[in-house]
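Colleague: My structure is in input-v5.txt, and what it holds is compact mmCIF, C-alpha atoms:
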# COMPACT_ATOMS: atom_id res chain seq x y z
CA MET A 1 -151.26 54.59 -25.22
CA ALA A 2 -149.07 57.18 -26.91
CA SER A 3 -145.39 57.15 -26.15
CA SER A 4 -144.24 59.89 -23.80
CA ALA A 5 -140.74 59.92 -25.25
CA GLY A 6 -139.82 63.27 -26.69
CA PRO A 7 -137.57 64.07 -29.62
CA GLU A 8 -134.53 64.36 -27.36
CA ASP A 9 -135.20 60.92 -25.85
CA ARG A 10 -135.55 59.34 -29.29
CA ASP A 11 -132.38 61.07 -30.45
CA THR A 12 -130.49 59.78 -27.40
CA GLU A 13 -131.76 56.27 -28.05
CA ALA A 14 -130.67 56.46 -31.70
CA ARG A 15 -127.22 57.62 -30.67
CA SER A 16 -126.86 54.60 -28.35
CA ARG A 17 -127.43 52.12 -31.18
CA PRO A 18 -124.62 51.95 -33.76
CA ALA A 19 -126.53 49.39 -35.88
CA THR A 20 -129.18 51.70 -37.34
CA ARG A 21 -131.18 50.79 -40.44
CA PRO A 22 -128.95 52.82 -42.81
CA LEU A 23 -125.86 51.23 -41.29
CA LEU A 24 -127.36 47.76 -41.69
CA LEU A 25 -128.00 48.53 -45.36
CA ARG A 26 -124.41 49.71 -45.61
CA ILE A 27 -123.31 46.38 -44.13
CA VAL A 28 -125.17 44.60 -46.94
CA THR A 29 -123.10 46.50 -49.50
CA VAL A 30 -119.90 45.88 -47.53
CA VAL A 31 -120.50 42.14 -47.47
CA GLY A 32 -121.53 42.15 -51.14
CA SER A 33 -118.45 43.99 -52.38
CA SER A 34 -116.00 42.16 -50.14
CA ALA A 35 -117.40 38.70 -50.86
CA SER A 36 -117.52 39.29 -54.62
CA PHE A 37 -113.97 40.64 -54.72
CA TYR A 38 -112.28 38.03 -52.57
CA LEU A 39 -114.21 35.08 -53.97
CA LEU A 40 -112.43 35.60 -57.31
CA LEU A 41 -109.13 36.99 -56.04
CA SER A 42 -107.39 33.61 -56.17
CA VAL A 43 -109.68 32.08 -58.81
CA VAL A 44 -109.08 34.47 -61.72
CA PRO A 45 -105.27 34.06 -61.74
CA ALA A 46 -105.71 30.28 -61.83
CA TYR A 47 -108.33 30.67 -64.54
CA ALA A 48 -105.94 32.81 -66.60
CA GLN A 49 -103.06 30.43 -66.04
CA SER A 50 -105.15 27.55 -67.41
CA ALA A 51 -106.02 29.52 -70.56
CA PRO A 52 -104.52 28.05 -73.73
CA GLY A 53 -101.48 29.74 -75.27
CA GLY A 54 -99.36 32.55 -73.92
CA GLY A 55 -96.51 32.43 -71.45
CA SER A 56 -96.23 31.45 -67.80
CA ASP A 57 -96.81 34.94 -66.39
CA LYS A 58 -100.55 35.14 -67.12
CA ALA A 59 -101.53 34.93 -63.46
CA GLY A 60 -99.23 37.81 -62.60
CA LEU A 61 -100.57 39.88 -65.49
CA VAL A 62 -104.20 39.67 -64.41
CA THR A 63 -103.34 40.24 -60.74
CA GLY A 64 -101.28 43.28 -61.66
CA ALA A 65 -104.13 44.63 -63.79
CA LEU A 66 -106.55 44.24 -60.87
CA MET A 67 -104.25 45.98 -58.40
CA LEU A 68 -103.36 48.77 -60.83
CA ALA A 69 -107.02 49.51 -61.56
CA THR A 70 -107.85 49.46 -57.85
CA VAL A 71 -105.17 52.05 -57.05
CA ALA A 72 -106.18 54.20 -60.02
CA GLY A 73 -109.82 53.98 -58.94
CA GLU A 74 -109.02 55.07 -55.39
CA LEU A 75 -107.21 58.12 -56.75
CA THR A 76 -110.03 59.20 -59.07
CA ALA A 77 -113.03 58.17 -56.94
CA PRO A 78 -113.00 61.25 -54.64
CA TRP A 79 -113.22 63.58 -57.65
CA LEU A 80 -116.03 61.53 -59.18
CA ALA A 81 -117.93 61.12 -55.91
CA ALA A 82 -117.90 64.87 -55.32
CA ARG A 83 -119.81 65.28 -58.57
CA CYS A 84 -121.98 62.16 -58.70
CA GLY A 85 -122.67 61.55 -55.01
CA PHE A 86 -121.72 58.72 -52.69
CA ARG A 87 -124.71 56.51 -53.45
CA VAL A 88 -124.23 56.71 -57.21
CA MET A 89 -120.56 55.86 -56.85
CA LEU A 90 -121.29 52.96 -54.52
CA GLY A 91 -123.95 51.54 -56.83
CA ALA A 92 -121.67 51.98 -59.84
CA GLY A 93 -118.85 50.26 -57.97
CA LEU A 94 -120.99 47.23 -57.17
CA LEU A 95 -122.16 47.08 -60.78
CA LEU A 96 -118.61 47.25 -62.12
CA LEU A 97 -117.54 44.64 -59.59
CA GLY A 98 -120.30 42.18 -60.41
CA ALA A 99 -121.36 42.41 -64.05
CA PRO A 100 -117.91 41.90 -65.67
CA ALA A 101 -117.45 38.63 -63.79
CA LEU A 102 -120.19 37.15 -65.98
CA ALA A 103 -117.93 37.63 -69.01
CA LEU A 104 -115.56 35.07 -67.53
CA THR A 105 -118.24 32.41 -67.89
CA VAL A 106 -118.22 32.74 -71.69
CA SER A 107 -114.61 33.62 -72.57
CA GLN A 108 -111.18 32.51 -71.41
CA SER A 109 -109.20 34.78 -73.73
CA MET A 110 -106.48 36.80 -72.04
CA PRO A 111 -107.71 40.19 -73.35
CA CYS A 112 -111.13 39.44 -71.86
CA ILE A 113 -109.72 38.36 -68.51
CA VAL A 114 -107.44 41.41 -68.26
CA ALA A 115 -110.30 43.74 -69.19
CA VAL A 116 -112.52 42.14 -66.54
CA CYS A 117 -109.82 42.60 -63.91
CA LEU A 118 -109.36 46.25 -64.84
CA VAL A 119 -113.08 46.98 -64.59
CA ARG A 120 -113.53 45.01 -61.38
CA GLY A 121 -110.55 46.79 -59.83
CA LEU A 122 -112.17 50.14 -60.54
CA GLY A 123 -115.46 48.90 -59.13
CA PHE A 124 -113.88 47.68 -55.92
CA ALA A 125 -112.07 50.99 -55.47
CA PHE A 126 -115.32 52.90 -55.89
CA THR A 127 -117.03 50.78 -53.23
CA LEU A 128 -114.15 51.38 -50.83
CA VAL A 129 -113.95 55.14 -51.25
CA ALA A 130 -117.58 56.16 -51.70
CA GLY A 131 -118.84 53.49 -49.32
CA GLY A 132 -116.26 54.48 -46.74
CA ALA A 133 -117.41 58.09 -46.77
CA LEU A 134 -121.01 56.95 -46.31
CA THR A 135 -119.97 54.78 -43.38
CA ALA A 136 -118.37 57.74 -41.63
CA SER A 137 -121.50 59.85 -42.09
CA LEU A 138 -123.81 57.14 -40.71
CA ILE A 139 -122.08 56.74 -37.34
CA PRO A 140 -122.30 59.34 -34.53
CA PRO A 141 -118.86 60.47 -33.30
CA GLU A 142 -119.37 58.92 -29.86
CA LEU A 143 -120.14 55.52 -31.43
CA ARG A 144 -117.61 55.67 -34.25
CA GLY A 145 -115.31 53.09 -32.67
CA GLU A 146 -118.10 50.53 -32.31
CA GLY A 147 -119.55 51.27 -35.71
CA LEU A 148 -116.25 51.06 -37.57
CA ALA A 149 -115.38 47.85 -35.70
CA LEU A 150 -118.68 46.35 -36.84
CA ILE A 151 -118.03 47.38 -40.44
CA GLY A 152 -114.49 46.02 -40.21
CA VAL A 153 -115.73 42.63 -39.08
CA MET A 154 -118.37 42.54 -41.80
CA ALA A 155 -115.69 43.30 -44.41
CA GLY A 156 -113.10 40.96 -42.93
CA VAL A 157 -115.19 37.81 -42.61
CA PRO A 158 -116.00 37.57 -46.35
CA SER A 159 -112.32 38.01 -47.16
CA LEU A 160 -111.31 35.21 -44.80
CA VAL A 161 -114.01 32.91 -46.11
CA GLY A 162 -114.02 34.00 -49.75
CA LEU A 163 -110.37 33.31 -50.59
CA PRO A 164 -110.32 29.59 -49.71
CA LEU A 165 -113.97 29.08 -50.67
CA GLY A 166 -113.42 30.45 -54.16
CA ALA A 167 -110.50 28.10 -54.76
CA TRP A 168 -112.46 25.16 -53.36
CA LEU A 169 -115.51 25.88 -55.49
CA ALA A 170 -113.38 26.27 -58.63
CA LEU A 171 -111.80 22.91 -57.95
CA HIS A 172 -115.14 21.15 -57.45
CA THR A 173 -117.51 23.03 -59.75
CA GLU A 174 -115.24 24.59 -62.42
CA TYR A 175 -114.75 28.32 -62.88
CA GLY A 176 -118.09 29.29 -64.43
CA PRO A 177 -120.28 28.76 -61.34
CA VAL A 178 -117.82 30.61 -59.08
CA CYS A 179 -117.76 33.62 -61.39
CA SER A 180 -121.56 33.60 -61.56
CA VAL A 181 -121.88 33.51 -57.77
CA ALA A 182 -119.39 36.37 -57.35
CA ALA A 183 -121.30 38.43 -59.91
CA LEU A 184 -124.66 37.68 -58.30
CA ILE A 185 -123.49 38.65 -54.81
CA ALA A 186 -122.36 42.11 -55.93
CA LEU A 187 -125.35 42.74 -58.18
CA VAL A 188 -127.94 41.71 -55.57
CA SER A 189 -126.38 44.00 -52.96
CA ILE A 190 -127.09 47.00 -55.22
CA ALA A 191 -130.69 46.74 -53.98
CA ALA A 192 -129.53 48.11 -50.61
CA VAL A 193 -128.03 51.29 -52.10
CA PRO A 194 -131.31 53.25 -52.61
CA GLY A 195 -132.06 52.83 -48.90
CA LEU A 196 -128.90 54.69 -47.91
CA PRO A 197 -129.26 58.40 -47.15
CA GLY A 198 -128.55 60.77 -50.00
CA PRO A 199 -126.84 64.19 -49.90
CA GLY A 200 -128.47 66.47 -47.35
CA SER A 201 -130.46 63.64 -45.70
CA ASP A 202 -130.89 63.72 -41.93
CA VAL A 203 -129.48 60.52 -40.38
CA GLY A 204 -130.49 61.40 -36.82
CA TRP A 205 -127.38 63.21 -35.64
CA GLN A 206 -126.27 65.18 -38.67
CA GLN A 207 -127.01 65.65 -42.34
CA VAL A 208 -125.17 63.57 -44.90
CA PRO A 209 -122.75 66.04 -46.48
CA ARG A 210 -123.02 66.94 -50.13
CA ARG A 211 -119.27 67.07 -50.62
CA ARG A 212 -116.60 65.60 -48.36
CA THR A 213 -113.74 64.85 -50.69
CA SER A 214 -111.21 65.39 -47.91
CA GLU A 215 -112.68 62.48 -45.93
CA LEU A 216 -113.51 60.11 -48.77
CA THR A 217 -110.44 57.96 -48.27
CA GLY A 218 -110.30 58.12 -44.49
CA TRP A 219 -112.75 55.39 -43.50
CA CYS A 220 -113.28 51.73 -44.24
Re-express the file's structure as structure tokens.
Modeller:
Amino acid sequence: MASSAGPEDRDTEARSRPATRPLLLRIVTVVGSSASFYLLLSVVPAYAQSAPGGGSDKAGLVTGALMLATVAGELTAPWLAARCGFRVMLGAGLLLLGAPALALTVSQSMPCIVAVCLVRGLGFAFTLVAGGALTASLIPPELRGEGLALIGVMAGVPSLVGLPLGAWLALHTEYGPVCSVAALIALVSIAAVPGLPGPGSDVGWQQVPRRRTSELTGWC
């Protein structure tokens, strides 16, 4: 028997559910970026500190490089996203966050570690800015509180688990496996990016904007 629900009924039903398919795919990328970033946040400084040679400030150097690149990436990401699109920026961010971590499995030189931190910092910034703009466009205004709360939880849990888990894994399995896992998490989550709506796509309550540089940094 055919459904008697009209377009307005289906639209009302869609508006009442914050966890739509595009938002669920966005959650996959949130978990992937957050888990990959925080899994190595405490591991890489310890890895650098255990590197042969150099002074005692190696941990601070790599942490500073990561933070500096993250801030720089957040400042440049809106300009780049306005030209490349949110999905491209999000996919690029996950790639930059994951792939460089594999270099840590083959080299413990300080130039390599610093370079990895710089690239991963940029990648994380791209996922925050471009992904945040996508999140805002996927949630109807009347459900924005619920939707953003859901995204916040999905981003917060990996950070709470990843920090101690990364240190524990490094202690019990060495640094190589932890770096490989962090890389794999980010790279696998790229598969969810093509399922996100592109510029001009209809998400059920509005079209995804082609350019929203003024809102790129306003959402998690």
Colleague: Using all atoms listed in the file, determine which residues lie at most 6 Å from Pro158 in chain A, disregarding the query and same-chain residues fewer than 3 positions distant; provide the list as JSON, numbers by chain.
Modeller: {"A": [34, 35, 161, 162]}
Colleague: Set the distance at 8 Å and use only C-alpha atoms: which residues neighbour Leu40 in chain A once local chain neighbours fewer than 6 positions away are removed? I'd like the list as a list in words.
Modeller: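 So the residues in contact are Gly162, Leu163, Gly166, Val178, Cys179 and Ala182 of chain A.
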Colleague: With distances taken over all atoms listed in the file, which of A:Ala125, A:Leu148, A:Val62, A:Met154 is nearest to Gly91 in chain A?
Modeller: A:Ala125
Colleague: Up to 10 Å from (-123.6, 37.3, -55.8) in the file's coordinates: name the residues, counting only C-alpha atoms, as number ranges by chain.
Modeller: A: 32-33, 35-36, 39, 98-99, 178-189
Colleague: Kindly give the distance, in Å, that separates CA of Leu95 in chain A and CA of Thr70 in chain A, rounded to a single decimal.
Modeller: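 About the pair CA of Leu95 in chain A and CA of Thr70 in chain A: they are 14.8 Å apart.
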Colleague: Name the residues in contact with Gln49 in chain A at a cut-off of 6 Å, using only C-alpha atoms, excluding same-chain residues fewer than 2 positions from it; report them as a PDB file with C-alpha atoms, in the frame of the given file.
Modeller:
ATOM      1  CA  ALA A  46    -105.710  30.280 -61.830  1.00  0.00           C
ATOM      2  CA  TYR A  47    -108.330  30.670 -64.540  1.00  0.00           C
ATOM      3  CA  ALA A  51    -106.020  29.520 -70.560  1.00  0.00           C
ATOM      4  CA  LYS A  58    -100.550  35.140 -67.120  1.00  0.00           C
ATOM      5  CA  ALA A  59    -101.530  34.930 -63.460  1.00  0.00           C
TER       6      ALA A  59
END
Colleague: One decimal, Å: what's the distance from CA of Ala149 in chain A over to CA of Leu80 in chain A, could you say?
Modeller: 27.2 Å
